[in-house]
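What's in entry.pdb: PDB, C-alpha atoms
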```
ATOM      1  CA  MET A   1      97.683  51.042 130.575
ATOM      2  CA  ALA A   2      99.812  52.885 133.111
ATOM      3  CA  ASN A   3     101.599  54.483 130.228
ATOM      4  CA  LEU A   4      98.376  55.719 128.756
ATOM      5  CA  GLN A   5      97.302  57.065 132.109
ATOM      6  CA  GLN A   6     100.559  58.954 132.430
ATOM      7  CA  LEU A   7     100.317  60.349 128.933
ATOM      8  CA  SER A   8      96.800  61.542 129.432
ATOM      9  CA  ASP A   9      97.788  63.197 132.691
ATOM     10  CA  GLU A  10     100.578  64.978 130.898
ATOM     11  CA  TYR A  11      98.165  65.975 128.192
ATOM     12  CA  SER A  12      95.659  67.519 130.545
ATOM     13  CA  ASP A  13      98.495  69.269 132.325
ATOM     14  CA  LEU A  14      99.544  70.806 129.020
ATOM     15  CA  GLN A  15      95.996  71.817 128.276
ATOM     16  CA  LYS A  16      95.841  73.577 131.607
ATOM     17  CA  LYS A  17      99.038  75.459 130.890
ATOM     18  CA  LEU A  18      97.751  76.378 127.464
ATOM     19  CA  GLN A  19      94.571  77.696 129.042
ATOM     20  CA  GLU A  20      96.643  79.809 131.404
ATOM     21  CA  VAL A  21      98.714  81.450 128.684
ATOM     22  CA  ILE A  22      95.592  82.090 126.644
ATOM     23  CA  GLU A  23      94.092  83.878 129.615
ATOM     24  CA  ALA A  24      97.273  85.915 129.992
ATOM     25  CA  ARG A  25      96.987  86.770 126.319
ATOM     26  CA  GLN A  26      93.428  87.965 126.824
ATOM     27  CA  ARG A  27      94.428  90.184 129.699
ATOM     28  CA  LEU A  28      97.199  91.702 127.600
ATOM     29  CA  ASP A  29      94.730  92.334 124.833
ATOM     30  CA  ALA A  30      92.454  94.204 127.177
ATOM     31  CA  GLN A  31      95.364  96.301 128.425
ATOM     32  CA  LEU A  32      96.453  96.998 124.876
ATOM     33  CA  THR A  33      93.013  98.265 123.922
ATOM     34  CA  GLU A  34      92.811 100.461 126.992
ATOM     35  CA  ASN A  35      96.235 101.969 126.430
ATOM     36  CA  GLN A  36      95.495 102.565 122.780
ATOM     37  CA  ALA A  37      92.354 104.424 123.749
ATOM     38  CA  VAL A  38      94.361 106.595 126.131
ATOM     39  CA  GLN A  39      96.999 107.237 123.496
ATOM     40  CA  LYS A  40      94.336 108.293 121.029
ATOM     41  CA  GLU A  41      92.798 110.558 123.629
ATOM     42  CA  PHE A  42      96.144 112.202 124.400
ATOM     43  CA  LYS A  43      96.656 112.945 120.730
ATOM     44  CA  THR A  44      93.474 114.996 120.574
ATOM     45  CA  LEU A  45      94.417 117.071 123.629
ATOM     46  CA  ASP A  46      95.896 120.543 123.580
ATOM     47  CA  ALA A  47      99.549 120.776 124.565
ATOM     48  CA  ASP A  48      98.663 122.652 127.742
ATOM     49  CA  ALA A  49      95.912 120.301 128.811
ATOM     50  CA  ASN A  50      95.900 119.311 132.458
ATOM     51  CA  ILE A  51      96.658 115.653 132.881
ATOM     52  CA  TYR A  52      96.632 113.913 136.223
ATOM     53  CA  LYS A  53      97.875 110.484 137.088
ATOM     54  CA  LEU A  54      96.325 108.427 139.818
ATOM     55  CA  ILE A  55      99.043 107.269 142.186
ATOM     56  CA  GLY A  56      97.626 105.463 145.158
ATOM     57  CA  PRO A  57      94.803 107.613 146.501
ATOM     58  CA  THR A  58      96.100 110.885 145.063
ATOM     59  CA  LEU A  59      96.024 112.574 141.705
ATOM     60  CA  ILE A  60      99.391 113.908 140.633
ATOM     61  CA  LYS A  61      99.581 116.462 137.905
ATOM     62  CA  GLN A  62     101.714 115.329 135.052
ATOM     63  CA  ASP A  63     103.273 116.882 132.009
ATOM     64  CA  LYS A  64     101.564 115.948 128.779
ATOM     65  CA  ASP A  65     104.805 114.888 127.088
ATOM     66  CA  GLU A  66     105.722 112.758 130.041
ATOM     67  CA  ALA A  67     102.308 111.122 130.120
ATOM     68  CA  THR A  68     102.361 110.478 126.370
ATOM     69  CA  MET A  69     105.797 108.960 126.603
ATOM     70  CA  ASN A  70     104.704 106.801 129.472
ATOM     71  CA  VAL A  71     101.768 105.421 127.530
ATOM     72  CA  ASP A  72     103.902 104.843 124.439
ATOM     73  CA  LYS A  73     106.391 102.938 126.538
ATOM     74  CA  ARG A  74     103.647 100.843 128.048
ATOM     75  CA  LEU A  75     102.239 100.041 124.613
ATOM     76  CA  ASP A  76     105.683  98.987 123.494
ATOM     77  CA  PHE A  77     106.018  96.701 126.457
ATOM     78  CA  ILE A  78     102.571  95.202 126.018
ATOM     79  CA  GLU A  79     103.206  94.490 122.365
ATOM     80  CA  LYS A  80     106.428  92.711 123.237
ATOM     81  CA  GLU A  81     104.668  90.721 125.918
ATOM     82  CA  ILE A  82     101.976  89.708 123.448
ATOM     83  CA  LYS A  83     104.622  88.436 121.052
ATOM     84  CA  ARG A  84     106.267  86.469 123.828
ATOM     85  CA  ILE A  85     102.974  84.948 124.963
ATOM     86  CA  GLU A  86     101.994  84.131 121.375
ATOM     87  CA  GLY A  87     105.228  82.181 121.141
ATOM     88  CA  GLN A  88     104.345  80.296 124.289
ATOM     89  CA  ILE A  89     100.875  79.533 123.005
ATOM     90  CA  ALA A  90     102.281  78.157 119.754
ATOM     91  CA  GLU A  91     104.812  76.103 121.671
ATOM     92  CA  PHE A  92     102.292  74.614 124.075
ATOM     93  CA  SER A  93      99.801  73.789 121.350
ATOM     94  CA  GLU A  94     102.483  72.064 119.352
ATOM     95  CA  VAL A  95     103.610  69.942 122.286
ATOM     96  CA  SER A  96     100.059  69.071 123.242
ATOM     97  CA  GLU A  97      99.215  68.138 119.652
ATOM     98  CA  LYS A  98     102.142  65.738 119.728
ATOM     99  CA  LYS A  99     100.999  64.264 123.023
ATOM    100  CA  LYS A 100      97.536  63.806 121.627
ATOM    101  CA  ALA A 101      98.908  61.960 118.632
ATOM    102  CA  GLU A 102     100.855  59.671 120.944
ATOM    103  CA  ILE A 103      97.778  58.932 123.004
ATOM    104  CA  MET A 104      95.718  58.189 119.930
ATOM    105  CA  GLN A 105      98.338  55.821 118.671
ATOM    106  CA  ILE A 106      98.396  53.879 121.905
ATOM    107  CA  GLN A 107      94.635  53.741 121.931
ATOM    108  CA  MET A 108      94.603  52.397 118.431
ATOM    109  CA  GLN A 109      97.134  49.747 119.328
ATOM    110  CA  GLN A 110      95.030  48.691 122.291
ATOM    111  CA  GLN A 111      91.944  48.478 120.154
ATOM    112  CA  ALA A 112      93.794  46.359 117.638
ATOM    113  CA  GLN A 113      94.919  44.032 120.405
ATOM    114  CA  GLN A 114      91.425  43.640 121.726
ATOM    115  CA  LYS A 115      90.179  42.429 118.370
TER     116      LYS A 115
ATOM    117  CA  MET B   1      89.021  58.942 126.736
ATOM    118  CA  ILE B   2      86.387  59.118 124.099
ATOM    119  CA  GLY B   3      85.885  62.776 124.770
ATOM    120  CA  LEU B   4      89.549  63.462 124.302
ATOM    121  CA  GLN B   5      89.624  61.584 121.090
ATOM    122  CA  ALA B   6      86.589  63.293 119.723
ATOM    123  CA  CYS B   7      87.695  66.739 120.596
ATOM    124  CA  ARG B   8      90.008  68.455 118.126
ATOM    125  CA  GLN B   9      90.239  65.607 115.738
ATOM    126  CA  HIS B  10      88.832  67.915 113.163
ATOM    127  CA  ASN B  11      90.841  70.906 113.983
ATOM    128  CA  PHE B  12      87.870  72.913 115.067
ATOM    129  CA  CYS B  13      89.338  73.977 118.306
ATOM    130  CA  SER B  14      92.681  74.916 116.949
ATOM    131  CA  THR B  15      91.431  76.908 114.001
ATOM    132  CA  ASN B  16      89.421  79.016 116.325
ATOM    133  CA  PRO B  17      91.262  79.566 119.565
ATOM    134  CA  PRO B  18      88.970  81.067 122.173
ATOM    135  CA  HIS B  19      91.254  83.980 122.796
ATOM    136  CA  GLN B  20      90.425  85.405 119.408
ATOM    137  CA  LEU B  21      86.893  85.942 120.504
ATOM    138  CA  GLN B  22      88.010  88.325 123.124
ATOM    139  CA  ARG B  23      88.833  91.038 120.645
ATOM    140  CA  LEU B  24      85.430  92.412 120.292
ATOM    141  CA  GLN B  25      86.009  94.228 117.077
ATOM    142  CA  THR B  26      87.132  91.119 115.304
ATOM    143  CA  THR B  27      85.856  88.543 112.973
ATOM    144  CA  PRO B  28      82.724  86.683 112.569
ATOM    145  CA  SER B  29      85.034  83.844 113.469
ATOM    146  CA  THR B  30      85.477  80.696 111.565
ATOM    147  CA  LEU B  31      82.349  80.034 109.687
ATOM    148  CA  LEU B  32      80.834  76.733 110.109
ATOM    149  CA  GLN B  33      78.983  75.865 107.030
ATOM    150  CA  ALA B  34      76.730  72.949 107.165
ATOM    151  CA  SER B  35      74.269  71.618 104.701
ATOM    152  CA  SER B  36      73.609  69.223 101.902
ATOM    153  CA  THR B  37      76.345  67.285 100.223
ATOM    154  CA  SER B  38      75.977  68.283  96.600
ATOM    155  CA  SER B  39      79.219  69.647  95.306
ATOM    156  CA  SER B  40      77.796  72.769  93.724
ATOM    157  CA  ASN B  41      76.325  73.642  97.054
ATOM    158  CA  LYS B  42      79.651  73.176  98.732
ATOM    159  CA  LEU B  43      81.280  75.549  96.319
ATOM    160  CA  SER B  44      78.844  78.318  97.101
ATOM    161  CA  ASN B  45      79.377  77.659 100.773
ATOM    162  CA  ILE B  46      83.046  78.238 100.394
ATOM    163  CA  THR B  47      82.643  81.455  98.495
ATOM    164  CA  SER B  48      80.208  82.817 101.026
ATOM    165  CA  ALA B  49      82.590  81.849 103.770
ATOM    166  CA  VAL B  50      85.342  83.792 102.096
ATOM    167  CA  THR B  51      83.315  86.872 101.373
ATOM    168  CA  MET B  52      81.948  86.966 104.870
ATOM    169  CA  SER B  53      85.319  86.976 106.513
ATOM    170  CA  LYS B  54      86.435  90.529 106.842
ATOM    171  CA  ALA B  55      89.085  89.496 109.306
ATOM    172  CA  PRO B  56      92.646  90.651 108.938
ATOM    173  CA  ALA B  57      94.688  87.861 107.468
ATOM    174  CA  ALA B  58      96.812  87.436 110.546
ATOM    175  CA  ALA B  59      93.889  86.982 112.870
ATOM    176  CA  SER B  60      92.008  84.480 110.775
ATOM    177  CA  PRO B  61      93.513  81.158 110.034
ATOM    178  CA  LYS B  62      92.321  79.393 106.925
ATOM    179  CA  GLN B  63      88.614  79.418 106.550
ATOM    180  CA  GLN B  64      87.381  75.970 107.027
ATOM    181  CA  THR B  65      84.334  74.619 105.356
ATOM    182  CA  LEU B  66      83.387  71.275 106.620
ATOM    183  CA  ASP B  67      80.535  69.036 105.729
ATOM    184  CA  LEU B  68      78.937  68.308 109.055
ATOM    185  CA  SER B  69      77.209  65.163 107.922
ATOM    186  CA  THR B  70      80.567  63.445 107.573
ATOM    187  CA  LEU B  71      81.321  63.868 111.258
ATOM    188  CA  SER B  72      80.689  61.221 113.854
ATOM    189  CA  ILE B  73      78.314  61.704 116.744
ATOM    190  CA  GLN B  74      81.186  62.217 119.167
ATOM    191  CA  ASN B  75      82.754  64.844 116.974
ATOM    192  CA  LEU B  76      79.484  66.621 116.519
ATOM    193  CA  SER B  77      78.795  66.782 120.215
ATOM    194  CA  ALA B  78      82.304  68.098 120.781
ATOM    195  CA  VAL B  79      81.656  70.787 118.189
ATOM    196  CA  LYS B  80      78.346  71.616 119.753
ATOM    197  CA  LYS B  81      79.898  71.851 123.179
ATOM    198  CA  GLN B  82      82.477  74.262 121.895
ATOM    199  CA  LEU B  83      79.908  76.392 120.128
ATOM    200  CA  ASP B  84      77.878  76.510 123.313
ATOM    201  CA  GLU B  85      80.900  77.681 125.258
ATOM    202  CA  GLU B  86      81.667  80.347 122.701
ATOM    203  CA  LEU B  87      78.112  81.559 122.729
ATOM    204  CA  GLU B  88      78.111  81.779 126.484
ATOM    205  CA  HIS B  89      81.316  83.781 126.447
ATOM    206  CA  LEU B  90      80.032  86.115 123.740
ATOM    207  CA  THR B  91      76.755  86.711 125.499
ATOM    208  CA  ALA B  92      78.603  87.534 128.705
ATOM    209  CA  SER B  93      80.775  90.020 126.813
ATOM    210  CA  PHE B  94      77.697  91.529 125.241
ATOM    211  CA  GLN B  95      76.190  92.044 128.663
ATOM    212  CA  LYS B  96      79.376  93.665 129.948
ATOM    213  CA  LEU B  97      79.482  96.063 127.007
ATOM    214  CA  ARG B  98      75.881  97.001 127.670
ATOM    215  CA  THR B  99      76.723  97.829 131.262
ATOM    216  CA  ALA B 100      79.713  99.892 130.158
ATOM    217  CA  GLN B 101      77.581 101.831 127.721
ATOM    218  CA  ALA B 102      74.994 102.493 130.396
ATOM    219  CA  LYS B 103      77.727 103.840 132.672
ATOM    220  CA  PHE B 104      78.906 106.286 130.023
ATOM    221  CA  LYS B 105      75.345 107.458 129.494
ATOM    222  CA  GLU B 106      75.082 107.972 133.222
ATOM    223  CA  CYS B 107      78.189 110.190 133.096
ATOM    224  CA  VAL B 108      76.717 112.394 130.394
ATOM    225  CA  LYS B 109      73.553 112.805 132.414
ATOM    226  CA  ALA B 110      75.536 113.573 135.552
ATOM    227  CA  ILE B 111      77.408 116.347 133.801
ATOM    228  CA  GLN B 112      74.286 117.810 132.266
ATOM    229  CA  ASN B 113      72.366 117.811 135.541
ATOM    230  CA  GLY B 114      75.104 118.262 138.099
ATOM    231  CA  VAL B 115      77.784 120.464 136.580
ATOM    232  CA  ASN B 116      76.359 123.620 135.102
ATOM    233  CA  PRO B 117      76.516 127.317 135.941
ATOM    234  CA  GLY B 118      73.164 127.043 137.721
ATOM    235  CA  VAL B 119      74.714 124.853 140.380
ATOM    236  CA  GLU B 120      77.698 127.133 140.991
ATOM    237  CA  GLY B 121      77.689 128.653 144.451
ATOM    238  CA  LYS B 122      74.878 126.483 145.746
ATOM    239  CA  THR B 123      75.493 124.020 148.536
ATOM    240  CA  ILE B 124      75.550 120.427 147.398
ATOM    241  CA  LEU B 125      76.036 117.150 149.228
ATOM    242  CA  ILE B 126      79.081 115.170 148.311
ATOM    243  CA  PRO B 127      78.868 111.444 148.842
ATOM    244  CA  LEU B 128      81.926 110.161 150.709
ATOM    245  CA  THR B 129      80.443 106.701 150.944
ATOM    246  CA  GLN B 130      77.085 105.445 149.829
ATOM    247  CA  SER B 131      75.494 106.633 153.044
ATOM    248  CA  LEU B 132      77.759 109.458 154.233
ATOM    249  CA  TYR B 133      77.529 112.939 152.777
ATOM    250  CA  VAL B 134      79.284 116.209 153.485
ATOM    251  CA  PRO B 135      78.078 119.603 152.306
ATOM    252  CA  GLY B 136      80.205 121.380 149.736
ATOM    253  CA  LYS B 137      80.219 123.980 147.015
ATOM    254  CA  LEU B 138      81.070 123.578 143.369
ATOM    255  CA  GLU B 139      83.952 125.961 142.702
ATOM    256  CA  ASP B 140      84.276 125.440 139.001
ATOM    257  CA  ALA B 141      81.206 124.540 136.990
ATOM    258  CA  GLY B 142      83.017 124.699 133.668
ATOM    259  CA  ASN B 143      85.562 121.925 133.990
ATOM    260  CA  VAL B 144      85.510 118.297 135.014
ATOM    261  CA  LEU B 145      88.120 115.599 135.433
ATOM    262  CA  VAL B 146      87.609 112.667 133.134
ATOM    263  CA  ASP B 147      89.043 109.216 133.738
ATOM    264  CA  VAL B 148      90.457 108.288 130.347
ATOM    265  CA  GLY B 149      91.761 104.929 131.504
ATOM    266  CA  THR B 150      94.948 103.335 132.862
ATOM    267  CA  GLY B 151      95.007 105.718 135.804
ATOM    268  CA  TYR B 152      95.074 108.935 133.814
ATOM    269  CA  TYR B 153      92.642 111.768 134.403
ATOM    270  CA  VAL B 154      92.272 114.692 132.048
ATOM    271  CA  GLU B 155      90.744 118.041 132.801
ATOM    272  CA  LYS B 156      88.075 118.857 130.239
ATOM    273  CA  THR B 157      85.410 121.466 129.791
ATOM    274  CA  THR B 158      81.933 120.108 130.314
ATOM    275  CA  GLU B 159      81.159 120.248 126.586
ATOM    276  CA  LYS B 160      84.327 118.388 125.684
ATOM    277  CA  ALA B 161      83.673 115.821 128.392
ATOM    278  CA  ILE B 162      80.203 115.195 127.005
ATOM    279  CA  THR B 163      81.646 114.762 123.499
ATOM    280  CA  PHE B 164      84.203 112.365 124.944
ATOM    281  CA  TYR B 165      81.530 110.244 126.566
ATOM    282  CA  ASN B 166      79.312 110.355 123.508
ATOM    283  CA  ASP B 167      82.200 109.111 121.382
ATOM    284  CA  LYS B 168      82.708 106.301 123.850
ATOM    285  CA  ILE B 169      79.028 105.423 123.741
ATOM    286  CA  LYS B 170      79.156 105.361 119.967
ATOM    287  CA  SER B 171      82.232 103.149 119.749
ATOM    288  CA  VAL B 172      80.827 100.754 122.323
ATOM    289  CA  GLY B 173      77.586 100.770 120.361
ATOM    290  CA  GLY B 174      79.477  99.806 117.209
ATOM    291  CA  ASN B 175      81.083  96.925 119.058
ATOM    292  CA  LEU B 176      77.694  95.880 120.360
ATOM    293  CA  ASP B 177      76.306  95.750 116.824
ATOM    294  CA  ASP B 178      79.241  93.681 115.592
ATOM    295  CA  LEU B 179      78.961  91.350 118.524
ATOM    296  CA  GLU B 180      75.263  90.922 118.003
ATOM    297  CA  LYS B 181      75.855  89.836 114.423
ATOM    298  CA  ILE B 182      78.442  87.308 115.548
ATOM    299  CA  ILE B 183      76.102  85.990 118.202
ATOM    300  CA  THR B 184      73.290  85.537 115.680
ATOM    301  CA  GLN B 185      75.678  83.731 113.363
ATOM    302  CA  LYS B 186      76.885  81.484 116.145
ATOM    303  CA  THR B 187      73.361  80.711 117.266
ATOM    304  CA  GLN B 188      72.510  79.644 113.750
ATOM    305  CA  ASN B 189      75.597  77.471 113.610
ATOM    306  CA  THR B 190      74.682  75.850 116.888
ATOM    307  CA  LYS B 191      71.198  75.153 115.599
ATOM    308  CA  VAL B 192      72.510  73.534 112.424
ATOM    309  CA  VAL B 193      74.914  71.380 114.402
ATOM    310  CA  GLU B 194      72.112  70.390 116.747
ATOM    311  CA  ASP B 195      69.918  69.394 113.820
ATOM    312  CA  VAL B 196      72.590  67.258 112.220
ATOM    313  CA  LEU B 197      73.419  65.717 115.571
ATOM    314  CA  ARG B 198      69.782  64.842 116.197
ATOM    315  CA  GLN B 199      69.487  63.232 112.781
ATOM    316  CA  LYS B 200      72.638  61.230 113.375
ATOM    317  CA  VAL B 201      71.407  59.973 116.707
ATOM    318  CA  LEU B 202      68.072  58.989 115.199
ATOM    319  CA  GLN B 203      69.827  57.190 112.368
ATOM    320  CA  ALA B 204      72.077  55.366 114.808
ATOM    321  CA  ASN B 205      69.085  54.311 116.875
ATOM    322  CA  ALA B 206      67.227  53.094 113.807
ATOM    323  CA  ALA B 207      70.280  51.127 112.705
ATOM    324  CA  THR B 208      70.639  49.343 116.031
ATOM    325  CA  SER B 209      66.924  48.517 116.271
ATOM    326  CA  THR B 210      66.744  46.998 112.794
ATOM    327  CA  SER B 211      69.914  44.963 113.056
TER     328      SER B 211
END
```

So, in terms of structure tokens, how does the structure I just supplied come out?
Amino acid sequence: MANLQQLSDEYSDLQKKLQEVIEARQRLDAQLTENQAVQKEFKTLDADANIYKLIGPTLIKQDKDEATMNVDKRLDFIEKEIKRIEGQIAEFSEVSEKKKAEIMQIQMQQQAQQK
Amino acid sequence: MIGLQACRQHNFCSTNPPHQLQRLQTTPSTLLQASSTSSSNKLSNITSAVTMSKAPAAASPKQQTLDLSTLSIQNLSAVKKQLDEELEHLTASFQKLRTAQAKFKECVKAIQNGVNPGVEGKTILIPLTQSLYVPGKLEDAGNVLVDVGTGYYVEKTTEKAITFYNDKIKSVGGNLDDLEKIITQKTQNTKVVEDVLRQKVLQANAATSTS
């Protein structure tokens, strides 16, 4: 029984971790969408458009090329992060599936014993 | 432990990870077809499930058509619980999108009323906080700074700014429509699951009382 208890604790721990990475994934998705919108917006702008970047409480004027590059870089980074997190999600779900199978097996054994 | 066992036994949770719902433009996610057991009926269910999924292949795992009446009561209530959670999440997102759209509309109105040549040169009150104002003058009634997201602000003429906001309103509106469809679909699914669950419970009760 203690074994089962331990396994189920481990399982819920894994579920919690899985939940956390999924939330991280959602945040990244939101950032991706926002950055894509900005990128799209920059594309429609004239080359001499005035772009400002909010740094702390001040707006700093920024070159369009620089701003575009910045956003592209960020998108790159976010995409990489998403791939990394996806890997983690897959990993955690696999491990927790295994745990679940273990638990079920033990449960089945116990039920068989009771009969 | 029963809850644990019931949950995910049928792969519902894993075919439809909650994080996919977050992308608002996506998928009427995994269709849950429920109904009578006749095989011809099942076939048409599958085809409709396939035609209704416009999702990109990567985002949608295999469409799963499952006959609900084969599930146990525990499984059904787990499915129902998950559907309820999804619905709640979707409705919350819907509400947030509505608010966002309203804000964009507000911006358009603000430009139309507040930034036009008629206001130029007149004294206006600038809110520093919600209750503190200082008098000021509008120097340039032709241009505004628009927050395009991620900390970037772009100087735009008033007309262009209005177009920008109108585009935003339209794209949010499109998302709202999509989301509404998904919500309707999900509500229907929940109802079907509830029906089957109720029948199962009644059957179970009848079985115990007769035996």

key: Test item: chain B residues at most 7 Å from chain A, counting only C-alpha atoms, as a count of residues only   = 10

task = Enumerate, as a list in words, the residues matched when the PyMOL selection byres ((chain B and resi 180-187) around 8) is run on the file above.
result = Thr27, Pro28, Ser29, Leu83, Leu87, Leu90, Thr91, Phe94, Leu176, Asp177, Asp178, Leu179, Gln188, Asn189, Thr190 and Lys191 of chain B

query = Which residues, written as a ChimeraX atom specification, have at least one atom at most 8 Å from A:Leu32, with only C-alpha atoms counted and residues fewer than 6 positions away on the same chain left out?
reply = /A:75,78-79

inquiry  = Between atom CA of A:Gln109 and atom CA of A:Asp13, what is the distance in Å, rounded to a tenth?
reply    =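 We find that atom CA of A:Gln109 and atom CA of A:Asp13 lie 23.5 Å from each other.
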
message = Could you list, as a list in words, every residue matched by the PyMOL selection byres ((chain B and resi 135) around 6) in this structure?
response = Ile124, Leu125, Val134 and Gly136 of chain B

Residue members of the PyMOL selection byres ((chain B and resi 73) around 10) in the file shown, as a list in words = Ala6, Ser69, Thr70, Leu71, Ser72, Gln74, Asn75, Leu76, Ser77, Ala78, Val79, Val196, Leu197, Arg198, Gln199, Lys200, Val201 and Ala204 of chain B

Could you write out the selected residues, including C-alpha atoms, as a PDB file, in the coordinates of the input?
```pdb
ATOM      1  CA  ALA B   6      86.589  63.293 119.723  1.00  0.00           C
ATOM      2  CA  SER B  69      77.209  65.163 107.922  1.00  0.00           C
ATOM      3  CA  THR B  70      80.567  63.445 107.573  1.00  0.00           C
ATOM      4  CA  LEU B  71      81.321  63.868 111.258  1.00  0.00           C
ATOM      5  CA  SER B  72      80.689  61.221 113.854  1.00  0.00           C
ATOM      6  CA  GLN B  74      81.186  62.217 119.167  1.00  0.00           C
ATOM      7  CA  ASN B  75      82.754  64.844 116.974  1.00  0.00           C
ATOM      8  CA  LEU B  76      79.484  66.621 116.519  1.00  0.00           C
ATOM      9  CA  SER B  77      78.795  66.782 120.215  1.00  0.00           C
ATOM     10  CA  ALA B  78      82.304  68.098 120.781  1.00  0.00           C
ATOM     11  CA  VAL B  79      81.656  70.787 118.189  1.00  0.00           C
ATOM     12  CA  VAL B 196      72.590  67.258 112.220  1.00  0.00           C
ATOM     13  CA  LEU B 197      73.419  65.717 115.571  1.00  0.00           C
ATOM     14  CA  ARG B 198      69.782  64.842 116.197  1.00  0.00           C
ATOM     15  CA  GLN B 199      69.487  63.232 112.781  1.00  0.00           C
ATOM     16  CA  LYS B 200      72.638  61.230 113.375  1.00  0.00           C
ATOM     17  CA  VAL B 201      71.407  59.973 116.707  1.00  0.00           C
ATOM     18  CA  ALA B 204      72.077  55.366 114.808  1.00  0.00           C
TER      19      ALA B 204
END
```

task = Take the point (79.9, 98.8, 121.2) as written in the file and pick out every residue within 10 Å of it, counting all atoms listed in the file; give the list as a list in words.
result =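 Residues lying no farther than 10 Å from the given point: Leu24, Gln25, Phe94, Leu97, Arg98, Ala100, Gln101, Lys168, Ile169, Lys170, Ser171, Val172, Gly173, Gly174, Asn175, Leu176, Asp177, Asp178, Leu179 and Glu180 of chain B.
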
Box time for stretch 37-45 of chain A: axis-aligned, enclosing all its listed atoms, 5 Å extra on each side; report centre and edge lengths in Å to one decimal, as lines of an AutoDock Vina configuration file.
```
center_x = 94.7
center_y = 110.7
center_z = 123.4
size_x = 14.6
size_y = 22.6
size_z = 15.6
```

key: Which residue of B:Glu106, B:Glu194, B:Glu120, B:Glu86 approaches B:Asp140 most closely, using all atoms listed in the file   =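 Closest residue, counting all atoms listed in the file: B:Glu120.
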
message = Rounded to one decimal, what separation in Å do you get between atom CA of A:Gln6 and atom CA of A:Met108?
response =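 Interatomic distance here is 16.6 Å.
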
query = In Å, with one decimal, what is the gap from atom CA of A:Ile89 to atom CA of A:Glu20?
reply = 9.4 Å

All residues 12 Å or closer to B:Gly118, only C-alpha atoms, same chain fewer than 6 positions away omitted, as an mmCIF file with C-alpha atoms, keeping the file's coordinate frame:
```cif
data_model
loop_
_atom_site.group_PDB
_atom_site.id
_atom_site.type_symbol
_atom_site.label_atom_id
_atom_site.label_comp_id
_atom_site.auth_asym_id
_atom_site.auth_seq_id
_atom_site.Cartn_x
_atom_site.Cartn_y
_atom_site.Cartn_z
ATOM 1 C CA GLN B 112 74.286 117.810 132.266
ATOM 2 C CA ILE B 124 75.550 120.427 147.398
ATOM 3 C CA LEU B 138 81.070 123.578 143.369
ATOM 4 C CA GLU B 139 83.952 125.961 142.702
ATOM 5 C CA ASP B 140 84.276 125.440 139.001
ATOM 6 C CA ALA B 141 81.206 124.540 136.990
ATOM 7 C CA GLY B 142 83.017 124.699 133.668
#
```

inquiry  = Here is a test: counting only C-alpha atoms, which residue of A:Leu28, A:Ala47, A:Ala112, A:Leu14 is nearest to A:Phe77?
reply    =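 Comparing A:Leu28, A:Ala47, A:Ala112, A:Leu14 against A:Phe77, the winner is A:Leu28.
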
message = Given all atoms listed in the file as the basis, pick out the residue of B:Asn116, B:Gln82, B:Ser209, B:Asn143 nearest to B:Thr157.
response =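 For B:Thr157, the nearest of the candidates is B:Asn143.
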
ask   = Contacts of A:Phe92 at 8 Å or less, counting all atoms listed in the file, minus same-chain residues fewer than 3 places along, as an MDAnalysis selection string?
value = chainID A and resid 14 17:18 88:89 95:96
